[in-house]
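work-v3.cif follows (mmCIF, C-alpha atoms):
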data_structure
loop_
_atom_site.label_atom_id
_atom_site.label_comp_id
_atom_site.auth_asym_id
_atom_site.auth_seq_id
_atom_site.Cartn_x
_atom_site.Cartn_y
_atom_site.Cartn_z
CA MET S 69 1.64 -32.23 48.41
CA GLY S 70 2.77 -33.38 45.03
CA ASN S 71 5.55 -31.88 43.05
CA LYS S 72 3.25 -31.27 40.11
CA ILE S 73 2.99 -27.64 39.18
CA GLN S 74 -0.44 -26.73 37.98
CA LEU S 75 -0.36 -24.14 35.27
CA PRO S 76 -2.99 -21.48 35.73
CA PHE S 77 -5.50 -21.15 32.90
CA PRO S 78 -4.19 -17.87 31.40
CA VAL S 79 -0.77 -19.46 30.95
CA VAL S 80 -2.28 -22.42 29.11
CA LEU S 81 -4.27 -20.02 26.93
CA CYS S 82 -1.14 -18.08 26.07
CA ALA S 83 0.68 -21.29 25.20
CA ALA S 84 -2.21 -22.22 22.92
CA LEU S 85 -2.02 -18.83 21.25
CA LEU S 86 1.64 -19.32 20.46
CA LEU S 87 0.86 -22.38 18.37
CA PRO S 88 0.80 -21.57 14.68
CA GLY S 89 -2.56 -21.22 13.01
CA ALA S 90 -4.35 -20.38 16.24
CA ALA S 91 -6.13 -17.09 16.84
CA GLY S 92 -3.86 -14.07 17.36
CA PHE S 93 -1.29 -13.60 14.64
CA THR S 94 2.42 -12.84 14.83
CA PRO S 95 2.93 -9.90 12.52
CA SER S 96 6.07 -9.97 10.43
CA LEU S 97 8.99 -7.65 10.85
CA ASP S 98 8.79 -5.99 7.45
CA SER S 99 5.54 -4.78 6.03
CA ASP S 100 4.50 -2.48 3.26
CA PHE S 101 1.14 -0.92 2.52
CA THR S 102 -0.30 1.11 -0.33
CA PHE S 103 -3.45 3.11 0.36
CA THR S 104 -5.53 5.96 -1.04
CA LEU S 105 -5.76 9.18 0.93
CA PRO S 106 -8.75 11.30 -0.12
CA ALA S 107 -8.40 15.06 -0.49
CA GLY S 108 -8.49 17.11 2.70
CA GLN S 109 -7.91 14.15 5.00
CA LYS S 110 -5.20 12.90 7.30
CA GLU S 111 -4.51 9.29 8.17
CA CYS S 112 -2.34 7.98 10.97
CA PHE S 113 -0.76 4.62 11.70
CA TYR S 114 0.77 3.35 14.91
CA GLN S 115 3.60 0.85 15.45
CA PRO S 116 4.39 -0.55 18.90
CA MET S 117 8.14 -0.84 19.48
CA PRO S 118 10.40 -2.29 22.19
CA LEU S 119 13.48 -0.62 23.62
CA LYS S 120 16.58 -0.12 21.48
CA ALA S 121 15.07 -1.51 18.30
CA SER S 122 15.39 0.26 14.98
CA LEU S 123 12.44 1.53 12.97
CA GLU S 124 12.95 2.46 9.34
CA ILE S 125 10.08 4.00 7.45
CA GLU S 126 10.13 4.76 3.76
CA TYR S 127 7.24 6.36 1.91
CA GLN S 128 6.47 7.46 -1.65
CA VAL S 129 3.55 9.21 -3.25
CA LEU S 130 2.52 7.15 -6.27
CA ASP S 131 -0.43 9.08 -7.73
CA GLY S 132 -2.29 12.34 -7.35
CA ALA S 133 -1.70 15.81 -8.78
CA GLY S 134 1.49 17.33 -7.40
CA LEU S 135 2.67 13.96 -6.02
CA ASP S 136 3.35 15.41 -2.60
CA ILE S 137 2.22 14.82 0.96
CA ASP S 138 2.94 16.04 4.49
CA PHE S 139 4.58 13.47 6.75
CA HIS S 140 4.72 13.52 10.53
CA LEU S 141 6.38 11.02 12.89
CA ALA S 142 5.83 11.26 16.65
CA SER S 143 7.39 9.38 19.55
CA PRO S 144 5.23 7.56 22.16
CA GLU S 145 5.27 10.67 24.38
CA GLY S 146 3.91 12.81 21.55
CA ARG S 147 7.16 14.55 20.70
CA THR S 148 7.57 15.26 16.98
CA LEU S 149 10.59 13.44 15.58
CA VAL S 150 10.11 14.13 11.88
CA PHE S 151 7.95 16.74 10.17
CA GLU S 152 8.14 17.07 6.40
CA GLN S 153 5.91 19.15 4.23
CA ARG S 154 4.98 18.61 0.58
CA LYS S 155 7.57 15.94 -0.11
CA SER S 156 7.07 13.20 -2.67
CA ASP S 157 9.18 10.56 -0.95
CA GLY S 158 11.27 10.12 2.17
CA VAL S 159 13.12 7.62 4.31
CA HIS S 160 13.76 7.85 8.06
CA THR S 161 15.48 5.52 10.53
CA ILE S 162 15.17 5.97 14.27
CA GLU S 163 16.31 4.09 17.33
CA THR S 164 13.28 3.45 19.45
CA GLU S 165 12.09 3.53 23.03
CA VAL S 166 9.24 1.45 24.40
CA GLY S 167 5.81 2.54 23.20
CA ASP S 168 3.64 3.23 20.20
CA TYR S 169 5.17 5.37 17.49
CA MET S 170 2.68 7.32 15.39
CA PHE S 171 3.22 8.44 11.82
CA CYS S 172 0.71 10.43 9.81
CA PHE S 173 0.18 11.36 6.20
CA ASP S 174 -1.58 14.66 5.75
CA ASN S 175 -3.42 15.62 2.56
CA THR S 176 -5.36 18.55 4.04
CA PHE S 177 -3.54 21.09 1.87
CA SER S 178 -5.14 19.62 -1.25
CA THR S 179 -8.81 20.27 -1.93
CA ILE S 180 -9.44 18.10 -4.96
CA SER S 181 -6.74 15.55 -5.55
CA GLU S 182 -6.65 12.15 -3.93
CA LYS S 183 -3.20 10.71 -3.28
CA VAL S 184 -2.00 7.11 -3.45
CA ILE S 185 0.71 6.58 -0.86
CA PHE S 186 3.09 3.63 -0.48
CA PHE S 187 4.99 3.14 2.78
CA GLU S 188 7.30 0.42 4.04
CA LEU S 189 8.28 -0.34 7.62
CA ILE S 190 11.49 -2.22 8.32
CA LEU S 191 11.95 -3.26 11.94
CA ASP S 192 15.23 -4.49 13.35
CA ASN S 193 16.51 -5.77 16.69
CA MET S 194 13.02 -6.57 17.82
CA GLY S 195 14.37 -9.05 20.36
CA GLU S 196 12.10 -11.85 21.42
CA GLN S 197 9.87 -11.42 18.43
CA GLU S 198 12.72 -12.43 16.14
CA ARG S 199 13.27 -15.56 18.18
CA GLU S 200 9.60 -16.43 17.83
CA GLN S 201 9.84 -16.17 14.07
CA GLU S 202 12.58 -18.78 14.02
CA ASP S 203 10.22 -21.08 15.92
CA TRP S 204 9.85 -23.28 12.87
CA LYS S 205 13.02 -25.09 13.87
CA LYS S 206 10.97 -26.94 16.48
CA TYR S 207 8.72 -28.43 13.83
CA ILE S 208 11.22 -30.12 11.57
CA THR S 209 11.68 -33.87 11.68
CA GLY S 210 14.66 -36.07 11.20
CA THR S 211 18.29 -35.15 11.00
CA ASP S 212 20.63 -34.60 8.15
CA MET S 213 23.44 -37.07 7.78
CA LEU S 214 26.57 -35.16 6.78
CA ASP S 215 27.17 -33.48 10.15
CA MET S 216 30.58 -32.06 9.29
CA LYS S 217 29.72 -30.29 6.02
CA LEU S 218 26.23 -29.41 7.24
CA GLU S 219 27.37 -26.29 9.08
CA ASP S 220 29.01 -24.90 5.94
CA ILE S 221 26.02 -25.67 3.78
CA LEU S 222 23.63 -24.10 6.25
CA GLU S 223 25.79 -21.00 6.52
CA SER S 224 25.82 -20.48 2.77
CA ILE S 225 22.09 -21.14 2.57
CA ASN S 226 21.44 -18.56 5.27
CA SER S 227 23.51 -16.01 3.42
CA ILE S 228 21.65 -16.77 0.18
CA LYS S 229 18.34 -16.30 1.98
CA SER S 230 19.30 -12.91 3.36
CA ARG S 231 20.54 -11.73 -0.01
CA LEU S 232 17.37 -12.88 -1.69
CA SER S 233 15.39 -10.96 0.92
CA LYS S 234 17.34 -7.88 0.00
CA SER S 235 16.59 -8.50 -3.68
CA GLY S 236 12.94 -8.79 -2.81
CA HIS S 237 13.11 -5.46 -0.94
CA ILE S 238 14.75 -3.73 -3.87
CA GLN S 239 12.09 -5.13 -6.16
CA THR S 240 9.40 -3.65 -3.96
CA LEU S 241 11.08 -0.28 -4.16
CA LEU S 242 11.49 -0.46 -7.92
CA ARG S 243 7.88 -1.44 -8.23
CA ALA S 244 6.82 1.68 -6.33
CA PHE S 245 8.99 3.94 -8.49
CA GLU S 246 7.68 2.34 -11.67
CA ALA S 247 4.09 2.67 -10.52
CA ARG S 248 4.64 6.36 -9.94
CA ASP S 249 6.23 6.90 -13.36
CA ARG S 250 3.45 5.02 -15.03
CA ASN S 251 0.80 7.12 -13.28
CA ILE S 252 2.56 10.30 -14.37
CA GLN S 253 2.70 9.06 -17.95
CA GLU S 254 -0.96 8.06 -18.02
CA SER S 255 -2.02 11.44 -16.72
CA ASN S 256 0.15 13.07 -19.40
CA PHE S 257 -1.62 11.03 -22.04
CA ASP S 258 -5.04 12.11 -20.78
CA ARG S 259 -3.93 15.70 -20.59
CA VAL S 260 -2.61 15.71 -24.17
CA ASN S 261 -5.88 14.29 -25.49
CA PHE S 262 -8.06 16.69 -23.57
CA TRP S 263 -6.20 19.88 -24.35
CA SER S 264 -5.82 18.98 -28.05
CA MET S 265 -9.59 18.69 -28.32
CA VAL S 266 -10.08 21.98 -26.50
CA ASN S 267 -7.51 23.62 -28.75
CA LEU S 268 -9.28 22.45 -31.91
CA VAL S 269 -12.69 23.66 -30.74
CA VAL S 270 -11.31 27.02 -29.63
CA MET S 271 -9.49 27.60 -32.91
CA VAL S 272 -12.55 26.88 -35.04
CA VAL S 273 -14.87 28.96 -32.87
CA VAL S 274 -12.48 31.91 -32.74
CA SER S 275 -11.95 32.02 -36.49
CA ALA S 276 -15.70 31.89 -37.11
CA ILE S 277 -16.33 34.66 -34.57
CA GLN S 278 -13.62 36.85 -36.12
CA VAL S 279 -15.14 36.58 -39.57
CA TYR S 280 -18.71 37.25 -38.50
CA MET S 281 -17.81 40.13 -36.23
CA LEU S 282 -15.93 41.81 -39.01
CA LYS S 283 -18.86 41.34 -41.34
CA SER S 284 -21.27 42.77 -38.82
CA LEU S 285 -19.15 45.94 -38.47
CA PHE S 286 -19.49 46.66 -42.15
CA GLU S 287 -23.19 45.96 -42.25
CA ASP S 288 -23.89 48.71 -39.69
CA LYS S 289 -21.90 51.26 -41.73
CA ARG S 290 -23.93 50.43 -44.82
CA LYS S 291 -27.19 51.05 -42.91
CA SER S 292 -26.04 54.40 -41.61
CA ARG S 293 -24.98 55.50 -45.08
CA THR S 294 -28.42 55.07 -46.57
CA MET Q 618 8.25 -24.67 54.53
CA ALA Q 619 6.45 -21.42 53.89
CA GLY Q 620 9.59 -20.15 52.15
CA VAL Q 621 9.60 -23.09 49.71
CA ALA Q 622 5.92 -22.61 48.82
CA ALA Q 623 6.44 -18.89 48.36
CA GLY Q 624 9.47 -19.59 46.19
CA ARG Q 625 7.49 -21.98 44.02
CA ARG Q 626 4.65 -19.44 43.68
CA ARG Q 627 7.13 -16.78 42.67
CA ALA Q 628 8.68 -19.05 40.04
CA MET Q 629 5.25 -19.81 38.63
CA GLY Q 630 4.31 -16.15 38.65
CA LEU Q 631 7.50 -15.36 36.78
CA ARG Q 632 6.84 -18.09 34.23
CA ALA Q 633 3.28 -16.83 33.73
CA LEU Q 634 4.59 -13.30 33.29
CA LEU Q 635 7.17 -14.48 30.76
CA LEU Q 636 4.58 -16.38 28.76
CA PHE Q 637 2.21 -13.43 28.93
CA ALA Q 638 4.99 -11.14 27.71
CA LEU Q 639 5.58 -13.49 24.80
CA CYS Q 640 1.87 -13.39 24.04
CA ALA Q 641 1.88 -9.62 24.17
CA ALA Q 642 4.84 -9.72 21.80
CA GLY Q 643 2.62 -11.57 19.37
CA ALA Q 644 0.23 -8.62 19.44
CA ARG Q 645 2.81 -6.02 18.42
CA GLY Q 646 1.87 -4.99 14.93
CA LEU Q 647 0.91 -1.92 12.97
CA TYR Q 648 -2.48 -0.55 13.91
CA PHE Q 649 -4.74 2.34 12.97
CA HIS Q 650 -8.03 3.84 14.10
CA ILE Q 651 -11.20 3.61 12.08
CA GLY Q 652 -14.56 5.30 12.51
CA GLU Q 653 -17.88 3.49 12.52
CA THR Q 654 -18.92 3.84 8.90
CA GLU Q 655 -15.43 4.51 7.65
CA LYS Q 656 -13.94 2.27 5.01
CA ARG Q 657 -10.19 1.82 4.74
CA CYS Q 658 -8.71 0.48 1.54
CA PHE Q 659 -5.25 -0.86 0.85
CA ILE Q 660 -3.79 -1.63 -2.53
CA GLU Q 661 -1.61 -4.66 -3.22
CA GLU Q 662 0.14 -4.71 -6.55
CA ILE Q 663 0.94 -8.35 -7.20
CA PRO Q 664 1.78 -10.66 -10.12
CA ASP Q 665 -0.67 -13.40 -11.03
CA GLU Q 666 -1.07 -16.70 -9.16
CA THR Q 667 0.14 -15.08 -5.95
CA MET Q 668 -1.44 -15.86 -2.62
CA VAL Q 669 -2.16 -13.02 -0.22
CA ILE Q 670 -2.98 -13.57 3.45
CA GLY Q 671 -4.34 -10.79 5.66
CA ASN Q 672 -4.65 -10.96 9.43
CA TYR Q 673 -6.51 -8.40 11.50
CA ARG Q 674 -7.55 -7.92 15.10
CA THR Q 675 -9.90 -5.25 16.43
CA GLN Q 676 -10.13 -3.50 19.76
CA MET Q 677 -12.87 -1.16 20.87
CA TRP Q 678 -12.48 2.02 22.88
CA ASP Q 679 -14.13 1.82 26.27
CA LYS Q 680 -15.18 5.34 27.21
CA GLN Q 681 -15.58 4.71 30.95
CA LYS Q 682 -12.24 3.03 31.52
CA GLU Q 683 -10.49 5.12 28.83
CA VAL Q 684 -8.66 2.07 27.48
CA PHE Q 685 -9.00 -0.16 24.51
CA LEU Q 686 -10.74 -3.43 25.36
CA PRO Q 687 -8.68 -6.50 24.45
CA SER Q 688 -11.39 -7.97 22.24
CA THR Q 689 -14.77 -6.97 20.91
CA PRO Q 690 -17.36 -9.70 20.90
CA GLY Q 691 -20.23 -9.21 18.50
CA LEU Q 692 -18.39 -6.78 16.26
CA GLY Q 693 -17.42 -7.91 12.80
CA MET Q 694 -15.43 -6.53 9.93
CA HIS Q 695 -16.46 -6.77 6.32
CA VAL Q 696 -13.60 -7.50 3.97
CA GLU Q 697 -13.92 -6.85 0.26
CA VAL Q 698 -11.21 -7.57 -2.31
CA LYS Q 699 -11.38 -6.32 -5.89
CA ASP Q 700 -9.12 -7.42 -8.74
CA PRO Q 701 -7.47 -4.98 -11.22
CA GLU Q 702 -10.56 -4.99 -13.45
CA GLY Q 703 -12.84 -4.08 -10.56
CA LYS Q 704 -14.42 -7.51 -10.21
CA VAL Q 705 -15.02 -8.57 -6.61
CA VAL Q 706 -12.79 -11.51 -5.68
CA LEU Q 707 -13.70 -11.81 -2.01
CA SER Q 708 -16.53 -10.23 -0.07
CA ARG Q 709 -17.06 -11.72 3.33
CA GLN Q 710 -17.85 -10.86 6.89
CA TYR Q 711 -15.47 -11.96 9.60
CA GLY Q 712 -15.58 -11.66 13.38
CA SER Q 713 -13.71 -9.15 15.48
CA GLU Q 714 -10.56 -11.09 14.70
CA GLY Q 715 -10.01 -12.76 11.38
CA ARG Q 716 -7.82 -13.98 8.62
CA PHE Q 717 -8.62 -13.66 4.92
CA THR Q 718 -6.88 -15.26 1.96
CA PHE Q 719 -7.13 -14.83 -1.76
CA THR Q 720 -5.07 -15.75 -4.80
CA SER Q 721 -4.66 -13.39 -7.70
CA HIS Q 722 -5.50 -14.60 -11.20
CA THR Q 723 -4.60 -11.45 -13.07
CA PRO Q 724 -1.54 -9.32 -12.36
CA GLY Q 725 -2.10 -5.78 -11.15
CA ASP Q 726 -3.54 -3.60 -8.40
CA HIS Q 727 -5.81 -5.50 -6.06
CA GLN Q 728 -7.82 -3.39 -3.64
CA ILE Q 729 -8.50 -4.71 -0.13
CA CYS Q 730 -11.19 -2.77 1.73
CA LEU Q 731 -12.18 -3.12 5.37
CA HIS Q 732 -15.11 -1.60 7.20
CA SER Q 733 -16.95 -2.50 10.34
CA ASN Q 734 -20.40 -4.01 10.11
CA SER Q 735 -21.79 -2.28 13.16
CA THR Q 736 -25.34 -1.06 12.62
CA ARG Q 737 -26.01 0.14 16.14
CA MET Q 738 -24.68 3.64 16.80
CA THR Q 739 -24.37 2.93 20.54
CA LEU Q 740 -21.63 0.38 19.93
CA PHE Q 741 -19.23 3.13 19.02
CA ALA Q 742 -19.76 5.62 21.81
CA GLY Q 743 -16.22 6.90 21.53
CA GLY Q 744 -16.26 6.56 17.75
CA ARG Q 745 -12.99 4.71 17.50
CA LEU Q 746 -12.04 1.18 16.70
CA ARG Q 747 -8.41 0.06 16.75
CA VAL Q 748 -7.54 -2.35 13.95
CA HIS Q 749 -4.26 -4.31 13.93
CA LEU Q 750 -3.50 -5.34 10.37
CA ASP Q 751 -0.91 -7.45 8.64
CA ILE Q 752 -0.99 -8.30 4.92
CA GLN Q 753 1.56 -10.67 3.42
CA ALA Q 754 1.87 -11.68 -0.22
CA GLY Q 755 3.79 -14.31 -2.09
CA GLU Q 756 6.27 -16.45 -0.24
CA HIS Q 757 5.77 -14.40 2.95
CA ALA Q 758 2.30 -15.94 3.07
CA ASN Q 759 3.65 -19.47 3.38
CA ASN Q 760 3.42 -21.12 6.77
CA TYR Q 761 6.76 -22.93 7.04
CA PRO Q 762 6.19 -24.74 10.34
CA GLU Q 763 3.08 -26.29 8.77
CA ILE Q 764 4.92 -27.22 5.57
CA ALA Q 765 7.80 -28.72 7.54
CA ALA Q 766 5.45 -30.83 9.63
CA LYS Q 767 3.31 -31.91 6.70
CA ASP Q 768 6.13 -32.95 4.37
CA LYS Q 769 8.40 -34.13 7.18
CA LEU Q 770 11.37 -32.02 6.13
CA THR Q 771 14.79 -31.82 7.69
CA GLU Q 772 16.33 -28.43 8.36
CA LEU Q 773 18.35 -28.46 5.14
CA GLN Q 774 15.34 -29.44 3.08
CA LEU Q 775 13.21 -26.73 4.67
CA ARG Q 776 15.82 -24.07 4.02
CA ALA Q 777 16.12 -25.23 0.40
CA ARG Q 778 12.35 -25.07 0.05
CA GLN Q 779 12.31 -21.53 1.44
CA LEU Q 780 14.98 -20.46 -1.02
CA LEU Q 781 13.12 -22.01 -3.93
CA ASP Q 782 9.91 -20.20 -2.96
CA GLN Q 783 11.75 -16.92 -2.62
CA VAL Q 784 13.41 -17.23 -6.01
CA GLU Q 785 10.12 -18.21 -7.63
CA GLN Q 786 8.43 -15.12 -6.21
CA ILE Q 787 11.24 -12.85 -7.39
CA GLN Q 788 11.00 -14.36 -10.85
CA LYS Q 789 7.21 -13.84 -10.97
CA GLU Q 790 7.67 -10.26 -9.88
CA GLN Q 791 10.26 -9.72 -12.62
CA ASP Q 792 7.94 -11.13 -15.28
CA TYR Q 793 5.20 -8.81 -14.05
CA GLN Q 794 7.67 -5.92 -14.15
CA ARG Q 795 8.42 -6.70 -17.78
CA TYR Q 796 4.70 -6.72 -18.66
CA ARG Q 797 4.19 -3.37 -16.91
CA GLU Q 798 7.19 -1.80 -18.59
CA GLU Q 799 5.77 -2.81 -21.96
CA ARG Q 800 2.43 -1.16 -21.16
CA PHE Q 801 4.28 1.92 -19.97
CA ARG Q 802 6.32 2.07 -23.16
CA LEU Q 803 3.19 1.73 -25.34
CA THR Q 804 1.48 4.59 -23.52
CA SER Q 805 4.58 6.79 -23.82
CA GLU Q 806 4.95 6.08 -27.52
CA SER Q 807 1.27 6.72 -28.14
CA THR Q 808 1.51 10.06 -26.31
CA ASN Q 809 4.57 11.07 -28.30
CA GLN Q 810 2.87 10.20 -31.58
CA ARG Q 811 -0.25 12.11 -30.65
CA VAL Q 812 1.75 15.20 -29.75
CA LEU Q 813 3.56 15.06 -33.09
CA TRP Q 814 0.45 14.52 -35.23
CA TRP Q 815 -1.52 17.14 -33.34
CA SER Q 816 1.19 19.78 -33.89
CA ILE Q 817 1.20 19.07 -37.63
CA ALA Q 818 -2.60 19.08 -37.78
CA GLN Q 819 -2.75 22.34 -35.83
CA THR Q 820 -0.36 24.04 -38.24
CA VAL Q 821 -2.35 22.81 -41.25
CA ILE Q 822 -5.67 23.91 -39.72
CA LEU Q 823 -4.27 27.36 -38.92
CA ILE Q 824 -3.02 27.84 -42.47
CA LEU Q 825 -6.29 26.64 -43.99
CA THR Q 826 -8.34 28.84 -41.67
CA GLY Q 827 -6.20 31.84 -42.56
CA ILE Q 828 -6.67 31.21 -46.29
CA TRP Q 829 -10.43 30.73 -45.87
CA GLN Q 830 -10.75 33.91 -43.81
CA MET Q 831 -8.86 36.01 -46.34
CA ARG Q 832 -10.82 34.64 -49.30
CA HIS Q 833 -14.20 35.03 -47.59
CA LEU Q 834 -13.49 38.57 -46.47
CA LYS Q 835 -12.13 39.54 -49.88
CA SER Q 836 -15.28 38.30 -51.61
CA PHE Q 837 -17.37 40.05 -48.93
CA PHE Q 838 -15.64 43.38 -49.43
CA GLU Q 839 -15.90 43.01 -53.23
CA ALA Q 840 -19.63 42.34 -52.86
CA LYS Q 841 -20.02 45.45 -50.69
CA LYS Q 842 -18.10 47.46 -53.30
CA LEU Q 843 -15.40 48.55 -50.84
CA VAL Q 844 -12.46 47.11 -52.76
#
Show me, as C-alpha cells, the structure contained in the file I just sent.
Amino acid sequence: MGNKIQLPFPVVLCAALLLPGAAGFTPSLDSDFTFTLPAGQKECFYQPMPLKASLEIEYQVLDGAGLDIDFHLASPEGRTLVFEQRKSDGVHTIETEVGDYMFCFDNTFSTISEKVIFFELILDNMGEQEREQEDWKKYITGTDMLDMKLEDILESINSIKSRLSKSGHIQTLLRAFEARDRNIQESNFDRVNFWSMVNLVVMVVVSAIQVYMLKSLFEDKRKSRT
Amino acid sequence: MAGVAAGRRRAMGLRALLLFALCAAGARGLYFHIGETEKRCFIEEIPDETMVIGNYRTQMWDKQKEVFLPSTPGLGMHVEVKDPEGKVVLSRQYGSEGRFTFTSHTPGDHQICLHSNSTRMTLFAGGRLRVHLDIQAGEHANNYPEIAAKDKLTELQLRARQLLDQVEQIQKEQDYQRYREERFRLTSESTNQRVLWWSIAQTVILILTGIWQMRHLKSFFEAKKLV
C-alpha cells in the first residue's frame, strides 16, 4: 500500500489539455466579430458565462440600406433582457448568472438589403479563466536582479499595458465608425452617378417626345382641313 | 483504515473535479449554430503584415440523447480566407477541431468563411452543428508562454516585449487608419465635384434644349403657314 496517488486517465488528459498549444483552446476575454447578415435572416450567437461576471456587448451596423437591425438578448432561462428594434448601434452591460446567454441580430424586416454587423463582447470578472490567462508566469526563466525597484517597475508596466489595451479598444471602435461612414459615402457616390445618368436620359427623351407630339397634333389638323 | 482510504478517494475525486472544471473553463467561448450546407463568413479588417489566428471546435447534436456530443469524429470544416481584392489566401479542410493562421499582405477587409464538409445527409439528423469560434489578430495572436520559453525571458523582459508588441500593433492600425481616411476623403471630394459639375451641365442642357425646341417649333409653324 504505497503512498503514491495514481491519477486517473481523465485527469491526466485534462492536464495535457491545459498545456499551451495542445488541442482545445482558451478563448480570450474580449472578442469582436464582423459578419454579413443576408436579407430576411436572423443569426444568433451564444456566450457561456459564470456567476456574477459582467457581459458587455456593443454592436454597430456598418453597411446596408437603412443601417438598422433588430437586436435581442436573452438570459439562459430564455427571458428577454434586451429587445431593440431598427437601431443602428447599441451597447449593453449586464451582470450574469450561470449559463449560456443568447443574442440575436434580426434582419427579417428587410427584403433586399444585406447588412454588415460588427459586435464586440467584453467579459469581466470571469474568475478562474482570468487566472488561467496569467499562466504565462509559470513559463518564464531566471530572475531579475533589482528586487527592490522591481515592484515599482512592474506596477508601472502593468498600468501601461492596461492603458494600451484601452487604446486598442478605442481604435477598434473608431475603426467601426469609420467603416460605416466610408460605406455611406461610397453608396452616395454610386447613387449620384446613377441618378445623374438617369436624369440626362430622361431630359433628352422628354424634350424629344414633347416636340414630336406637338408636331403630330398639327399634322392631324392639316389632314382634316383638306 | 477504511476511513483513511475513503478520505484519500474523496480528495482525489475533488482534485479530478477541480481539474475537470478548469478544463470546462477552457471550453467557455462564443458559439453559434450552423446548418449542414450553410456557410458563415466573418470579416476582419486588419492592417498589412498582421497575423490572424482562428480557433474553432465543433459539437454535433445527438437527436436521441438531446444533447450536444463533446466531439464529432469524421466531421471536418472547410475554412476559406479571402483578401481585400478577393484573392483566396487560405483554403483548407480541417478536422472537427482546428486552428488556422494567416498573415495579411494587403490592408483591408479579409473574409473568413467556414462551412462543414459533410456530404452525407444522415450525419446531420437534427440539422444543427455547434461551432465554438475565436479569432484573434495582431498582438493578441502571440503566444507569450511560448515566446518566454523560447527566448528565455525574465518577467520584466516579457512584460516589456508585450508592451512593445502592443504599441507596434496600435501604430500599424493608425497608419492603416490614415490610408483609409485618405481614400474616404478622395471619394467625398470626387462626389462633391460630380454633384457640382452635373448641376451646371443640367442647367446648360435645359437652356439649350429650350432654345432648340422653340426654334424648331417656330420653323415648323412657319412652314405650316400658321404664324
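If only C-alpha atoms are the atoms counted, then among S:His237, S:Arg259, S:Lys229, S:Arg248 the closest residue to chain Q is S:Lys229.
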- As a check of understanding: the span from CA of His749 (chain Q) to CA of His695 (chain Q) is 14.6 Å
- Message: Please compute the CA of Arg778 (chain Q)-CA of Glu756 (chain Q) distance, one decimal, in Å.
- Response: 10.6 Å
- Which residues come within 6 Å of region 661-678 of chain Q, counting only C-alpha atoms, excluding same-chain residues fewer than 4 positions away, as a ChimeraX atom specification? /Q:684-689,713-727,746-755,758,790,793
- 12 Å contact set for Asp249 (chain S), all atoms listed in the file, chain neighbours under 3 positions out, as a ChimeraX atom specification: /S:128-132,135,242-246,252-256 /Q:797-798,800-802,804-805
Let me see the file: selected residues, C-alpha atoms, as a compact mmCIF listing (two decimals), in the coordinates of the input.
# COMPACT_ATOMS: atom_id res chain seq x y z
CA GLN S 128 6.47 7.46 -1.65
CA VAL S 129 3.55 9.21 -3.25
CA LEU S 130 2.52 7.15 -6.27
CA ASP S 131 -0.43 9.08 -7.73
CA GLY S 132 -2.29 12.34 -7.35
CA LEU S 135 2.67 13.96 -6.02
CA LEU S 242 11.49 -0.46 -7.92
CA ARG S 243 7.88 -1.44 -8.23
CA ALA S 244 6.82 1.68 -6.33
CA PHE S 245 8.99 3.94 -8.49
CA GLU S 246 7.68 2.34 -11.67
CA ILE S 252 2.56 10.30 -14.37
CA GLN S 253 2.70 9.06 -17.95
CA GLU S 254 -0.96 8.06 -18.02
CA SER S 255 -2.02 11.44 -16.72
CA ASN S 256 0.15 13.07 -19.40
CA ARG Q 797 4.19 -3.37 -16.91
CA GLU Q 798 7.19 -1.80 -18.59
CA ARG Q 800 2.43 -1.16 -21.16
CA PHE Q 801 4.28 1.92 -19.97
CA ARG Q 802 6.32 2.07 -23.16
CA THR Q 804 1.48 4.59 -23.52
CA SER Q 805 4.58 6.79 -23.82
- Task: Just give me the gap between CA of Leu191 (chain S) and CA of Ala121 (chain S) in Å, one decimal is fine.
- Result: 7.3 Å
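Across S:Tyr114, S:Phe139, S:Phe151, S:Phe173, the tightest approach to chain Q is made by S:Tyr114 when counting only C-alpha atoms.
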- Note on the structure: Counting all atoms listed in the file, the residue among S:Leu222, S:Ile228, S:Leu141, S:Met271 that lies closest to Ile824 (chain Q) is S:Met271
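With all atoms listed in the file as the atoms that count, the residue of Q:Ala840, Q:Leu803, Q:Ala818, Q:Leu780 with the shortest distance to chain S is Q:Leu780.
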Final N, CA and C atoms of region 141-150 of chain S as a compact mmCIF listing (two decimals), in the frame of the given file:
# COMPACT_ATOMS: atom_id res chain seq x y z
N LEU S 141 6.07 12.20 12.07
CA LEU S 141 6.38 11.02 12.89
C LEU S 141 6.54 11.48 14.33
N ALA S 142 5.80 10.85 15.24
CA ALA S 142 5.83 11.26 16.65
C ALA S 142 6.23 10.09 17.54
N SER S 143 6.96 10.40 18.60
CA SER S 143 7.39 9.38 19.55
C SER S 143 6.21 9.00 20.45
N PRO S 144 6.36 7.95 21.29
CA PRO S 144 5.23 7.56 22.16
C PRO S 144 4.78 8.67 23.11
N GLU S 145 5.70 9.58 23.48
CA GLU S 145 5.27 10.67 24.38
C GLU S 145 4.56 11.79 23.64
N GLY S 146 4.56 11.74 22.30
CA GLY S 146 3.91 12.81 21.55
C GLY S 146 4.88 13.83 20.98
N ARG S 147 6.16 13.62 21.21
CA ARG S 147 7.16 14.55 20.70
C ARG S 147 7.35 14.32 19.21
N THR S 148 7.42 15.40 18.43
CA THR S 148 7.57 15.26 16.98
C THR S 148 9.02 14.94 16.63
N LEU S 149 9.22 13.81 15.95
CA LEU S 149 10.59 13.44 15.58
C LEU S 149 10.91 13.89 14.16
N VAL S 150 9.91 13.75 13.28
CA VAL S 150 10.11 14.13 11.88
C VAL S 150 8.88 14.89 11.43
